[in-house]
>>> print(open('target.csv').read())   # CSV, C-alpha atoms
chain,number,residue,atom,x,y,z
D,1,MET,CA,58.2,38.6,11.6
D,2,ASP,CA,61.9,38.9,12.7
D,3,GLY,CA,62.4,35.1,12.8
D,4,ARG,CA,61.7,34.8,16.5
D,5,ARG,CA,59.1,32.2,17.5
D,6,ARG,CA,55.9,33.7,18.6
D,7,ARG,CA,54.8,32.9,22.1
D,8,PHE,CA,51.2,32.6,23.2
D,9,PRO,CA,50.0,33.2,26.7
D,10,LEU,CA,49.5,29.9,28.6
D,11,CYS,CA,45.9,30.8,29.4
D,12,HIS,CA,45.1,31.3,25.7
D,13,THR,CA,46.6,27.9,24.9
D,14,LEU,CA,44.7,26.1,27.7
D,15,GLY,CA,41.5,27.8,26.7
D,16,GLN,CA,41.7,26.5,23.1
D,17,TYR,CA,42.6,23.0,24.5
D,18,ARG,CA,39.5,23.0,26.7
D,19,LEU,CA,37.2,24.1,23.9
D,20,LEU,CA,38.6,21.4,21.6
D,21,ARG,CA,38.3,18.8,24.3
D,22,LYS,CA,34.7,19.8,25.0
D,23,ALA,CA,33.7,19.7,21.3
D,24,ALA,CA,35.3,16.2,21.0
D,25,ALA,CA,33.5,15.1,24.1
D,26,ASN,CA,30.1,16.3,22.6
D,27,ASP,CA,30.8,14.5,19.4
D,28,MET,CA,31.7,11.3,21.2
D,29,THR,CA,28.5,11.6,23.3
D,30,LYS,CA,26.3,12.0,20.2
D,31,LEU,CA,28.0,9.1,18.5
D,32,SER,CA,27.7,7.0,21.7
D,33,LYS,CA,24.0,7.7,21.8
D,34,CYS,CA,23.5,6.8,18.2
D,35,ILE,CA,25.4,3.6,18.6
D,36,SER,CA,23.5,2.7,21.8
D,37,THR,CA,20.2,3.3,20.0
D,38,LEU,CA,21.2,1.2,17.1
D,39,CYS,CA,22.4,-1.6,19.4
D,40,ILE,CA,19.0,-1.5,21.1
D,41,VAL,CA,17.2,-1.8,17.8
D,42,ILE,CA,19.4,-4.6,16.7
D,43,SER,CA,18.9,-6.4,20.0
D,44,ILE,CA,15.2,-6.2,19.7
D,45,PHE,CA,15.4,-7.5,16.1
D,46,LEU,CA,17.4,-10.5,17.2
D,47,VAL,CA,15.1,-11.3,20.1
D,48,VAL,CA,12.0,-11.2,17.8
D,49,LEU,CA,13.8,-13.2,15.2
D,50,LEU,CA,14.7,-15.9,17.7
D,51,LEU,CA,11.1,-15.9,18.9
D,52,LEU,CA,9.8,-16.3,15.4
D,53,THR,CA,12.2,-19.1,14.7
D,54,PHE,CA,11.0,-20.9,17.8
D,55,LEU,CA,7.3,-20.4,17.0
D,56,ILE,CA,7.5,-21.4,13.4
D,57,GLY,CA,9.7,-24.4,14.2
D,58,SER,CA,7.6,-25.6,17.1
D,59,GLY,CA,5.2,-27.7,15.1
D,60,SER,CA,2.2,-26.7,17.1
D,61,ASP,CA,-1.3,-26.1,15.7
D,62,ASP,CA,-0.8,-22.4,16.1
D,63,VAL,CA,2.0,-22.3,13.5
D,64,TYR,CA,-0.4,-21.8,10.6
D,65,ILE,CA,-2.2,-19.0,12.3
D,66,PHE,CA,1.1,-17.3,13.0
D,67,GLU,CA,2.3,-17.8,9.5
D,68,ASP,CA,-0.7,-16.0,8.2
D,69,THR,CA,0.0,-12.9,10.2
D,70,ASN,CA,3.8,-13.2,10.1
D,71,PRO,CA,4.3,-11.2,6.9
D,72,SER,CA,2.4,-8.3,8.3
D,73,ILE,CA,4.3,-8.4,11.7
D,74,MET,CA,7.7,-8.8,10.0
D,75,SER,CA,6.9,-5.9,7.6
D,76,LYS,CA,6.0,-3.6,10.4
D,77,PHE,CA,9.1,-4.6,12.4
D,78,GLU,CA,11.4,-4.2,9.5
D,79,MET,CA,9.9,-0.7,8.9
D,80,PHE,CA,10.5,0.1,12.6
D,81,VAL,CA,14.1,-1.1,12.5
D,82,ASN,CA,14.8,0.8,9.3
D,83,ASN,CA,13.2,4.1,10.5
D,84,SER,CA,14.7,3.9,14.0
D,85,SER,CA,18.1,3.4,12.5
D,86,ALA,CA,17.6,6.3,10.1
D,87,GLU,CA,16.8,8.6,13.1
D,88,ALA,CA,19.6,7.3,15.2
D,89,LEU,CA,22.2,7.7,12.5
D,90,ASP,CA,20.9,11.0,11.1
D,91,GLY,CA,23.8,13.1,9.9
D,92,ILE,CA,26.2,10.1,10.1
D,93,ILE,CA,24.9,7.4,7.7
D,94,PRO,CA,22.2,8.3,5.2
D,95,ILE,CA,19.3,5.8,5.6
D,96,LYS,CA,16.1,6.3,3.7
D,97,LYS,CA,12.9,5.9,5.8
D,98,VAL,CA,10.4,3.3,4.6
D,99,TYR,CA,6.6,3.6,5.2
D,100,ARG,CA,4.2,0.9,4.4
D,101,LEU,CA,0.4,0.3,4.9
D,102,SER,CA,-0.9,-3.0,6.3
D,103,GLU,CA,-3.1,-4.9,3.9
D,104,ASN,CA,-5.6,-5.3,6.8
D,105,THR,CA,-5.9,-1.6,7.4
D,106,VAL,CA,-9.1,-0.3,5.9
D,107,VAL,CA,-8.7,3.4,6.9
D,108,ALA,CA,-5.4,4.9,5.8
D,109,PRO,CA,-3.6,7.6,7.7
D,110,GLU,CA,-5.2,11.0,7.2
D,111,PRO,CA,-3.2,13.2,4.8
D,112,ASN,CA,-1.8,16.5,6.0
D,113,GLN,CA,-4.4,19.1,4.9
D,114,GLU,CA,-1.7,21.7,4.8
D,115,LEU,CA,0.1,19.9,2.0
D,116,PHE,CA,-2.8,20.1,-0.4
D,117,GLY,CA,-2.6,23.0,-2.8
D,118,VAL,CA,-3.9,24.7,-5.9
D,119,ALA,CA,-1.8,26.2,-8.7
D,120,GLY,CA,-2.5,28.0,-12.0
D,121,SER,CA,0.5,26.9,-14.1
D,122,PHE,CA,3.4,24.6,-14.2
D,123,ALA,CA,5.8,27.4,-13.1
D,124,GLU,CA,4.0,27.4,-9.7
D,125,LEU,CA,4.8,23.7,-9.3
D,126,GLU,CA,8.5,23.7,-10.1
D,127,SER,CA,9.6,23.8,-6.5
D,128,LEU,CA,7.1,21.1,-5.7
D,129,LEU,CA,8.6,18.8,-8.3
D,130,SER,CA,12.0,19.6,-7.0
D,131,ASP,CA,11.0,18.6,-3.5
D,132,ALA,CA,9.5,15.4,-5.0
D,133,SER,CA,12.8,14.3,-6.7
D,134,GLU,CA,13.6,11.6,-4.1
D,135,LEU,CA,10.1,10.2,-4.4
D,136,LEU,CA,10.2,10.2,-8.2
D,137,ASP,CA,13.4,8.3,-8.0
D,138,GLY,CA,14.6,9.3,-11.5
D,139,GLN,CA,11.2,9.1,-13.2
D,140,SER,CA,9.8,12.2,-15.0
D,141,THR,CA,6.3,13.4,-14.5
D,142,LEU,CA,3.8,13.4,-17.3
D,143,PHE,CA,2.8,16.9,-16.3
D,144,SER,CA,5.3,19.2,-17.7
D,145,THR,CA,6.0,22.7,-19.1
D,146,GLU,CA,4.3,21.6,-22.3
D,147,THR,CA,1.0,20.7,-20.6
D,148,GLU,CA,-1.7,23.2,-21.6
D,149,ILE,CA,-4.3,23.1,-18.9
D,150,MET,CA,-7.9,23.8,-19.9
D,151,PRO,CA,-8.6,27.6,-19.8
D,152,GLY,CA,-10.1,28.7,-16.5
D,153,SER,CA,-9.1,25.5,-14.7
D,154,LYS,CA,-6.7,24.9,-11.8
D,155,ILE,CA,-4.1,22.3,-10.9
D,156,ASN,CA,-4.7,20.4,-7.6
D,157,TYR,CA,-1.7,18.9,-5.9
D,158,TYR,CA,-0.4,17.1,-2.8
D,159,LEU,CA,3.0,16.1,-1.7
D,160,ASP,CA,4.4,14.4,1.4
D,161,GLU,CA,7.3,11.9,1.8
D,162,THR,CA,5.3,9.0,0.5
D,163,ILE,CA,3.0,10.4,-2.3
D,164,LEU,CA,2.8,13.0,-5.0
D,165,SER,CA,-0.4,13.7,-6.9
D,166,ILE,CA,-1.0,16.3,-9.6
D,167,THR,CA,-4.5,16.7,-11.0
D,168,TRP,CA,-5.4,18.9,-13.9
D,169,LYS,CA,-7.8,19.3,-16.9
D,170,GLN,CA,-6.9,19.4,-20.6
D,171,ALA,CA,-9.0,20.2,-23.7
D,172,ILE,CA,-8.3,17.3,-26.2
D,173,ASN,CA,-10.3,16.6,-29.4
D,174,GLY,CA,-13.1,18.9,-28.2
D,175,ALA,CA,-13.6,17.0,-24.9
D,176,CYS,CA,-12.5,17.8,-21.3
D,177,TYR,CA,-9.9,15.3,-20.1
D,178,THR,CA,-9.2,15.2,-16.3
D,179,PHE,CA,-5.9,13.6,-15.4
D,180,SER,CA,-4.6,12.7,-12.0
D,181,GLU,CA,-0.9,11.7,-12.0
D,182,VAL,CA,0.2,9.8,-8.9
D,183,LYS,CA,3.6,8.6,-7.7
D,184,ILE,CA,3.8,6.6,-4.5
D,185,ALA,CA,6.7,5.4,-2.4
D,186,ASP,CA,5.3,1.9,-1.6
D,187,ALA,CA,2.9,-0.3,-3.5
D,188,SER,CA,0.7,-0.7,-0.4
D,189,GLN,CA,-0.5,2.9,-1.0
D,190,PHE,CA,-2.4,1.7,-4.2
D,191,ARG,CA,-5.6,0.2,-2.9
D,192,ARG,CA,-9.2,-0.9,-3.7
D,193,TYR,CA,-12.2,-0.4,-1.4
D,194,MET,CA,-15.5,-2.1,-1.8
D,195,ALA,CA,-18.6,-0.6,-0.1
D,196,ASP,CA,-18.6,-1.5,3.6
D,197,ASN,CA,-15.3,-3.3,2.9
D,198,THR,CA,-17.3,-6.4,1.8
D,199,PHE,CA,-17.6,-8.2,-1.5
D,200,GLY,CA,-21.3,-8.4,-2.5
D,201,SER,CA,-22.5,-5.7,-0.1
D,202,SER,CA,-26.0,-4.5,-1.1
D,203,VAL,CA,-25.1,-0.9,0.0
D,204,GLN,CA,-23.7,1.6,-2.5
D,205,TYR,CA,-22.1,5.0,-1.9
D,206,ARG,CA,-20.8,7.9,-3.9
D,207,THR,CA,-17.1,7.9,-4.8
D,208,SER,CA,-16.4,11.0,-2.7
D,209,ASP,CA,-18.1,9.4,0.4
D,210,MET,CA,-16.0,6.2,0.1
D,211,ALA,CA,-12.9,8.3,-0.5
D,212,ALA,CA,-13.5,10.2,2.7
D,213,THR,CA,-14.1,7.0,4.6
D,214,VAL,CA,-10.7,5.6,3.8
D,215,ASN,CA,-8.7,8.9,3.9
D,216,ALA,CA,-7.8,8.8,0.2
D,217,VAL,CA,-5.5,11.5,-1.2
D,218,VAL,CA,-6.8,10.7,-4.7
D,219,ALA,CA,-9.6,8.3,-5.5
D,220,MET,CA,-11.5,7.2,-8.6
D,221,SER,CA,-14.7,5.2,-9.3
D,222,GLY,CA,-13.9,1.6,-10.0
D,223,ASP,CA,-15.5,-1.0,-12.2
D,224,PHE,CA,-19.0,-1.0,-10.4
D,225,TYR,CA,-18.7,-4.8,-10.2
D,226,LYS,CA,-22.0,-5.0,-8.4
D,227,PHE,CA,-23.9,-3.8,-11.5
D,228,ARG,CA,-23.1,-7.0,-13.5
D,229,ASP,CA,-22.2,-10.6,-12.8
D,230,CYS,CA,-19.3,-11.1,-15.2
D,231,GLY,CA,-15.6,-10.6,-15.0
D,232,ILE,CA,-12.9,-11.9,-12.7
D,233,VAL,CA,-13.1,-10.2,-9.3
D,234,VAL,CA,-10.2,-10.5,-6.8
D,235,TYR,CA,-10.4,-8.6,-3.5
D,236,GLN,CA,-8.0,-8.9,-0.6
D,237,ARG,CA,-6.2,-11.7,-2.4
D,238,GLN,CA,-9.4,-13.8,-2.6
D,239,LEU,CA,-11.1,-14.9,-5.8
D,240,HIS,CA,-14.7,-13.9,-5.4
D,241,ARG,CA,-16.1,-14.1,-8.9
D,242,PHE,CA,-14.8,-16.1,-11.9
D,243,PHE,CA,-16.3,-15.4,-15.3
D,244,GLY,CA,-13.6,-14.4,-17.7
D,245,LYS,CA,-15.1,-15.3,-21.0
D,246,ASP,CA,-16.4,-11.9,-22.2
D,247,MET,CA,-14.4,-9.3,-20.3
D,248,ASP,CA,-10.7,-8.3,-20.1
D,249,SER,CA,-9.5,-8.2,-16.5
D,250,LEU,CA,-6.8,-6.1,-14.8
D,251,PHE,CA,-4.9,-7.8,-11.9
D,252,ILE,CA,-2.8,-5.7,-9.5
D,253,ASP,CA,0.1,-7.4,-7.7
D,254,SER,CA,1.8,-6.6,-4.4
D,255,LYS,CA,4.4,-4.5,-6.2
D,256,GLY,CA,1.7,-2.3,-7.7
D,257,ASP,CA,2.2,-3.7,-11.3
D,258,PHE,CA,-0.5,-4.3,-13.9
D,259,HIS,CA,-1.3,-7.8,-15.2
D,260,PHE,CA,-3.7,-8.0,-18.1
D,261,ILE,CA,-5.9,-11.1,-18.5
D,262,PRO,CA,-7.5,-10.8,-21.9
D,263,ARG,CA,-11.0,-12.2,-22.2
D,264,SER,CA,-11.3,-16.0,-22.8
D,265,THR,CA,-7.7,-16.6,-21.9
D,266,MET,CA,-8.3,-17.8,-18.3
D,267,MET,CA,-11.2,-20.2,-18.4
D,268,ASP,CA,-10.3,-22.6,-15.5
D,269,LYS,CA,-10.9,-21.5,-11.9
D,270,SER,CA,-8.0,-23.5,-10.6
D,271,VAL,CA,-5.7,-21.7,-13.1
D,272,ALA,CA,-7.0,-18.4,-11.9
D,273,GLU,CA,-6.4,-19.3,-8.2
D,274,ASN,CA,-2.9,-20.5,-9.0
D,275,TYR,CA,-2.1,-17.3,-11.0
D,276,ILE,CA,-3.3,-15.2,-8.1
D,277,LYS,CA,-1.1,-17.0,-5.6
D,278,GLU,CA,2.0,-17.3,-7.8
D,279,ASN,CA,1.9,-13.6,-8.9
D,280,ASP,CA,0.9,-12.3,-5.5
D,281,ILE,CA,-2.3,-10.6,-6.8
D,282,LEU,CA,-4.0,-8.3,-4.3
D,283,PHE,CA,-7.0,-7.2,-6.2
D,284,SER,CA,-8.5,-7.0,-9.7
D,285,LEU,CA,-10.7,-4.7,-11.8
D,286,ALA,CA,-13.2,-6.2,-14.2
D,287,PHE,CA,-14.5,-3.8,-16.9
D,288,GLY,CA,-12.2,-3.1,-19.8
D,289,PRO,CA,-11.3,-3.4,-22.5
D,290,ILE,CA,-7.5,-3.2,-22.4
D,291,LEU,CA,-6.6,0.1,-24.0
D,292,VAL,CA,-2.8,0.2,-24.2
D,293,ASP,CA,-0.3,-2.7,-23.7
D,294,ASN,CA,3.5,-2.2,-23.8
D,295,GLY,CA,2.9,1.3,-25.1
D,296,VAL,CA,0.7,0.2,-28.0
D,297,ASN,CA,-2.9,1.0,-28.6
D,298,VAL,CA,-4.7,-2.4,-28.5
D,299,ALA,CA,-8.3,-1.2,-28.2
D,300,PRO,CA,-10.7,-3.6,-29.9
D,301,ASN,CA,-13.4,-2.9,-32.5
D,302,SER,CA,-16.1,-4.5,-30.4
D,303,TYR,CA,-16.6,-5.3,-26.7
D,304,ILE,CA,-19.4,-6.6,-24.5
D,305,VAL,CA,-19.8,-3.5,-22.2
D,306,GLY,CA,-19.2,0.3,-22.5
D,307,GLU,CA,-20.7,0.9,-26.0
D,308,ILE,CA,-17.1,1.5,-27.0
D,309,ASN,CA,-17.7,3.0,-30.5
D,310,ASP,CA,-20.1,5.7,-29.3
D,311,LEU,CA,-19.1,9.2,-28.0
D,312,TYR,CA,-19.6,8.8,-24.2
D,313,SER,CA,-17.9,10.0,-21.0
D,314,ARG,CA,-15.0,7.6,-20.3
D,315,ALA,CA,-12.8,6.5,-17.4
D,316,ALA,CA,-9.5,4.7,-17.4
D,317,ILE,CA,-6.4,3.9,-15.3
D,318,ALA,CA,-2.9,3.7,-16.7
D,319,GLN,CA,0.6,2.7,-15.4
D,320,LEU,CA,3.4,5.1,-16.3
D,321,GLY,CA,6.3,3.4,-14.5
D,322,ASP,CA,7.2,1.8,-11.2
D,323,LYS,CA,4.5,2.8,-8.7
D,324,HIS,CA,3.6,5.6,-11.0
D,325,TYR,CA,0.0,5.9,-12.3
D,326,LEU,CA,-2.5,8.0,-14.2
D,327,LEU,CA,-6.2,8.3,-13.6
D,328,VAL,CA,-8.3,9.6,-16.5
D,329,THR,CA,-11.9,10.7,-17.1
D,330,VAL,CA,-13.3,12.3,-20.3
D,331,ASN,CA,-16.4,14.4,-19.9
D,332,PHE,CA,-18.5,17.2,-21.4
D,333,GLU,CA,-17.8,20.6,-19.7
D,334,GLY,CA,-18.5,24.1,-20.7
D,335,ASN,CA,-17.8,24.6,-24.4
D,336,TYR,CA,-16.1,21.2,-24.6
D,337,VAL,CA,-19.1,19.1,-25.7
D,338,ALA,CA,-17.5,16.2,-27.3
D,339,ALA,CA,-16.6,13.0,-25.5
D,340,ALA,CA,-14.6,9.9,-26.6
D,341,THR,CA,-14.8,6.5,-28.1
D,342,VAL,CA,-12.7,3.8,-26.5
D,343,LYS,CA,-10.3,3.9,-29.5
D,344,SER,CA,-9.8,7.6,-29.3
D,345,LEU,CA,-9.2,7.5,-25.6
D,346,ALA,CA,-6.6,4.7,-26.2
D,347,SER,CA,-4.9,6.9,-28.9
D,348,VAL,CA,-4.6,9.8,-26.5
D,349,LEU,CA,-3.1,7.6,-23.7
D,350,GLU,CA,-0.7,5.9,-26.2
D,351,ALA,CA,0.5,9.3,-27.4
D,352,MET,CA,1.1,10.4,-23.8
D,353,GLY,CA,3.4,7.5,-23.3
D,354,CYS,CA,1.4,5.3,-21.1
D,355,ASP,CA,2.8,1.8,-20.8
D,356,LYS,CA,-0.4,0.1,-19.9
D,357,ALA,CA,-4.0,1.4,-19.8
D,358,TYR,CA,-7.3,-0.1,-18.9
D,359,ALA,CA,-10.9,1.2,-19.3
D,360,LEU,CA,-13.2,1.5,-16.3
D,361,ASP,CA,-16.9,2.2,-16.0
D,362,GLY,CA,-17.5,5.6,-17.5
D,363,GLY,CA,-20.7,7.6,-18.1
D,364,GLN,CA,-22.1,8.9,-14.8
D,365,THR,CA,-20.0,6.5,-12.8
D,366,GLY,CA,-16.6,8.0,-13.9
D,367,THR,CA,-15.4,10.3,-11.0
D,368,ILE,CA,-12.1,11.6,-9.8
D,369,VAL,CA,-11.9,12.9,-6.3
D,370,VAL,CA,-9.0,14.8,-4.6
D,371,ASN,CA,-9.3,15.2,-0.8
D,372,ASP,CA,-13.0,14.4,-0.9
D,373,THR,CA,-13.7,17.0,-3.6
D,374,VAL,CA,-14.9,15.9,-7.0
D,375,ILE,CA,-12.7,17.4,-9.7
D,376,ASN,CA,-14.2,16.3,-13.1
D,377,SER,CA,-17.5,17.3,-14.5
D,378,VAL,CA,-19.7,14.3,-13.7
D,379,ASP,CA,-22.5,13.5,-16.1
D,380,PHE,CA,-25.9,15.0,-15.1
D,381,GLY,CA,-24.1,17.0,-12.4
D,382,TYR,CA,-24.2,14.5,-9.6
D,383,GLN,CA,-22.4,11.4,-8.6
D,384,ARG,CA,-23.9,7.9,-9.1
D,385,GLN,CA,-23.9,5.6,-6.1
D,386,ILE,CA,-21.6,2.7,-6.8
D,387,SER,CA,-20.0,-0.3,-5.2
D,388,ASP,CA,-16.3,0.3,-5.2
D,389,ILE,CA,-13.4,2.7,-5.7
D,390,ILE,CA,-9.6,2.6,-6.3
D,391,TYR,CA,-7.5,5.1,-4.4
D,392,PHE,CA,-4.1,6.2,-3.4
D,393,ALA,CA,-3.2,7.0,0.2
D,394,SER,CA,-0.4,8.6,2.2
D,395,ALA,CA,1.6,6.1,4.3
D,396,LEU,CA,2.8,8.7,6.8
D,397,PRO,CA,1.6,7.7,10.3
D,398,ASP,CA,-1.0,10.0,11.8
>>> encode(input="target.csv", output="structure tokens")
Amino acid sequence: MDGRRRRFPLCHTLGQYRLLRKAAANDMTKLSKCISTLCIVISIFLVVLLLLTFLIGSGSDDVYIFEDTNPSIMSKFEMFVNNSSAEALDGIIPIKKVYRLSENTVVAPEPNQELFGVAGSFAELESLLSDASELLDGQSTLFSTETEIMPGSKINYYLDETILSITWKQAINGACYTFSEVKIADASQFRRYMADNTFGSSVQYRTSDMAATVNAVVAMSGDFYKFRDCGIVVYQRQLHRFFGKDMDSLFIDSKGDFHFIPRSTMMDKSVAENYIKENDILFSLAFGPILVDNGVNVAPNSYIVGEINDLYSRAAIAQLGDKHYLLVTVNFEGNYVAAATVKSLASVLEAMGCDKAYALDGGQTGTIVVNDTVINSVDFGYQRQISDIIYFASALPD
């Protein structure tokens, strides 16, 4: 350069100006649309809030009916507002979408069949676990590079925005352990289903049939409550059976957390009803015993059911962390002809780092199902018809 100011043709300068102005206009249009959408969502929210205030404060006889359904309505609306805002402000303000299942919904959304998969090693799942990092929310999976799956077996998995499941087999102490690790986004995805969705139904089904009925991603046989008349049975927040003298009970609250009720510690029905209400208990399981509590093996030397000191096929459920669980069965399979006592099962779960673990009905009852397919080797080669399952579902709308 010789020090003289460089001059650009006027047409070039005007062209750049028009391009910049057009880009700015597009950005303003996009922002305007986002703000408009958000304003509409907020306006709807305020209108509904005013309507709710009017109805709840009206003092009419309908108030109590509305209050019963109000939590469900508000939950759905809050989810709608959140997710609409997330879409409207995508790329501007990061808002995490929230998905939640209604307690009154019997059949969960059908999981995306394309998201189920089978792997042969941990290495094949590294990208899956990377994709699940937001869902895991800082928690580590129990399944890791150190996990030695049983020779000849495969790893079944599923991942969407709301649920991760990894199911595998391990040879431990001469027995075949089947594990299904599950992490969910919302506690509403952890559910119990009784045959025909009715307490006391005389009809019984196979675990896989009930799993298919409710669109479970992963399901497991429950406590087979219909087979015996003892234990504390809660279903859909209602106390249906109260006999806590001889059996430990497991209560599950609305946050998906475990509450252990040791046998003979809750002997008054009114106390049980108050506990259910105060702790927002959704359902219970009544078999036991308690295996691990606060990370410590607490399996007893004797118990009323389960023939706990004999080598039998076993079943259990454990909590690993917040909305993070482990389903377990122990079976005979191939060359692995041993099984487990309750104490040996509890020792394995303690060593694996389970915070809380509880025994369920084992033997021929114990079954783990992934996408309607039985994974473990069920005793005698076929499923027993039972009265109930526990399961984990996707919360993504169909």
>>> residues_around(input="target.csv", residues="region 181-187 of chain D", least_positions_apart="3", cutoff="8 Å", atoms="all atoms listed in the file", output="list in words")
Tyr99, Arg100, Leu135, Leu136, Thr141, Leu142, Phe143, Glu161, Thr162, Ile163, Leu164, Ser165, Ile166, Thr167, Phe190, Ser254, Lys255, Gly256, Lys323, His324, Tyr325, Leu326, Leu327 and Phe392 of chain D
>>> write_last_selection(input="target.csv", atoms="C-alpha atoms", output="short mmCIF file (atom, residue, chain, number, x, y, z; two decimals), in the frame of the given file")
data_model
loop_
_atom_site.label_atom_id
_atom_site.label_comp_id
_atom_site.auth_asym_id
_atom_site.auth_seq_id
_atom_site.Cartn_x
_atom_site.Cartn_y
_atom_site.Cartn_z
CA TYR D 99 6.60 3.60 5.20
CA ARG D 100 4.20 0.90 4.40
CA LEU D 135 10.10 10.20 -4.40
CA LEU D 136 10.20 10.20 -8.20
CA THR D 141 6.30 13.40 -14.50
CA LEU D 142 3.80 13.40 -17.30
CA PHE D 143 2.80 16.90 -16.30
CA GLU D 161 7.30 11.90 1.80
CA THR D 162 5.30 9.00 0.50
CA ILE D 163 3.00 10.40 -2.30
CA LEU D 164 2.80 13.00 -5.00
CA SER D 165 -0.40 13.70 -6.90
CA ILE D 166 -1.00 16.30 -9.60
CA THR D 167 -4.50 16.70 -11.00
CA PHE D 190 -2.40 1.70 -4.20
CA SER D 254 1.80 -6.60 -4.40
CA LYS D 255 4.40 -4.50 -6.20
CA GLY D 256 1.70 -2.30 -7.70
CA LYS D 323 4.50 2.80 -8.70
CA HIS D 324 3.60 5.60 -11.00
CA TYR D 325 0.00 5.90 -12.30
CA LEU D 326 -2.50 8.00 -14.20
CA LEU D 327 -6.20 8.30 -13.60
CA PHE D 392 -4.10 6.20 -3.40
#
>>> atom_distance(input="target.csv", atom1="CA of Thr265 (chain D)", atom2="CA of Ile232 (chain D)")
11.6 Å
>>> closest_residue(input="target.csv", among="D:Ala216, D:Val203, D:Ile386, D:Ile172", to="Ser347 (chain D)", atoms="all atoms listed in the file")
D:Ile172
>>> closest_residue(input="target.csv", among="D:Arg241, D:Val337, D:Val374, D:Leu115", to="Glu273 (chain D)", atoms="only C-alpha atoms")
D:Arg241
>>> residues_near_point(input="target.csv", point="(-9.4, -9.1, -4.2)", cutoff="10 Å", atoms="all atoms listed in the file", output="PyMOL selection string")
chain D and resi 192-194+199+232-241+251-252+276+281-285
>>> write_last_selection(input="target.csv", atoms="C-alpha atoms", output="short mmCIF file (atom, residue, chain, number, x, y, z; two decimals), in the frame of the given file")
data_model
loop_
_atom_site.label_atom_id
_atom_site.label_comp_id
_atom_site.auth_asym_id
_atom_site.auth_seq_id
_atom_site.Cartn_x
_atom_site.Cartn_y
_atom_site.Cartn_z
CA ARG D 192 -9.20 -0.90 -3.70
CA TYR D 193 -12.20 -0.40 -1.40
CA MET D 194 -15.50 -2.10 -1.80
CA PHE D 199 -17.60 -8.20 -1.50
CA ILE D 232 -12.90 -11.90 -12.70
CA VAL D 233 -13.10 -10.20 -9.30
CA VAL D 234 -10.20 -10.50 -6.80
CA TYR D 235 -10.40 -8.60 -3.50
CA GLN D 236 -8.00 -8.90 -0.60
CA ARG D 237 -6.20 -11.70 -2.40
CA GLN D 238 -9.40 -13.80 -2.60
CA LEU D 239 -11.10 -14.90 -5.80
CA HIS D 240 -14.70 -13.90 -5.40
CA ARG D 241 -16.10 -14.10 -8.90
CA PHE D 251 -4.90 -7.80 -11.90
CA ILE D 252 -2.80 -5.70 -9.50
CA ILE D 276 -3.30 -15.20 -8.10
CA ILE D 281 -2.30 -10.60 -6.80
CA LEU D 282 -4.00 -8.30 -4.30
CA PHE D 283 -7.00 -7.20 -6.20
CA SER D 284 -8.50 -7.00 -9.70
CA LEU D 285 -10.70 -4.70 -11.80
#
>>> residues_around(input="target.csv", residues="Thr207 (chain D)", least_positions_apart="3", cutoff="9 Å", atoms="all atoms listed in the file", output="PDB file with C-alpha atoms, keeping the file's coordinate frame")
ATOM      1  CA  MET D 210     -16.000   6.200   0.100  1.00  0.00           C
ATOM      2  CA  ALA D 211     -12.900   8.300  -0.500  1.00  0.00           C
ATOM      3  CA  ALA D 212     -13.500  10.200   2.700  1.00  0.00           C
ATOM      4  CA  ALA D 219      -9.600   8.300  -5.500  1.00  0.00           C
ATOM      5  CA  MET D 220     -11.500   7.200  -8.600  1.00  0.00           C
ATOM      6  CA  SER D 221     -14.700   5.200  -9.300  1.00  0.00           C
ATOM      7  CA  GLY D 222     -13.900   1.600 -10.000  1.00  0.00           C
ATOM      8  CA  THR D 365     -20.000   6.500 -12.800  1.00  0.00           C
ATOM      9  CA  THR D 367     -15.400  10.300 -11.000  1.00  0.00           C
ATOM     10  CA  ILE D 368     -12.100  11.600  -9.800  1.00  0.00           C
ATOM     11  CA  VAL D 369     -11.900  12.900  -6.300  1.00  0.00           C
ATOM     12  CA  ASP D 372     -13.000  14.400  -0.900  1.00  0.00           C
ATOM     13  CA  VAL D 374     -14.900  15.900  -7.000  1.00  0.00           C
ATOM     14  CA  GLN D 383     -22.400  11.400  -8.600  1.00  0.00           C
ATOM     15  CA  ARG D 384     -23.900   7.900  -9.100  1.00  0.00           C
ATOM     16  CA  GLN D 385     -23.900   5.600  -6.100  1.00  0.00           C
ATOM     17  CA  ILE D 386     -21.600   2.700  -6.800  1.00  0.00           C
ATOM     18  CA  SER D 387     -20.000  -0.300  -5.200  1.00  0.00           C
ATOM     19  CA  ASP D 388     -16.300   0.300  -5.200  1.00  0.00           C
ATOM     20  CA  ILE D 389     -13.400   2.700  -5.700  1.00  0.00           C
TER      21      ILE D 389
END
>>> residues_around(input="target.csv", residues="Asp310 (chain D)", least_positions_apart="3", cutoff="8 Å", atoms="all atoms listed in the file", output="list in words")
Glu307, Ala340 and Thr341 of chain D
>>> residues_near_point(input="target.csv", point="(-11.8, -11.7, -22.2)", cutoff="10 Å", atoms="all atoms listed in the file", output="list in words")
Gly231, Ile232, Phe243, Gly244, Lys245, Asp246, Met247, Asp248, Ser249, Phe260, Ile261, Pro262, Arg263, Ser264, Thr265, Met266, Met267, Ala286, Phe287, Gly288, Pro289, Ile290, Tyr303 and Ile304 of chain D
>>> closest_residue(input="target.csv", among="D:Ile308, D:Ala338, D:Leu345, D:Val330", to="Thr178 (chain D)", atoms="all atoms listed in the file")
D:Val330
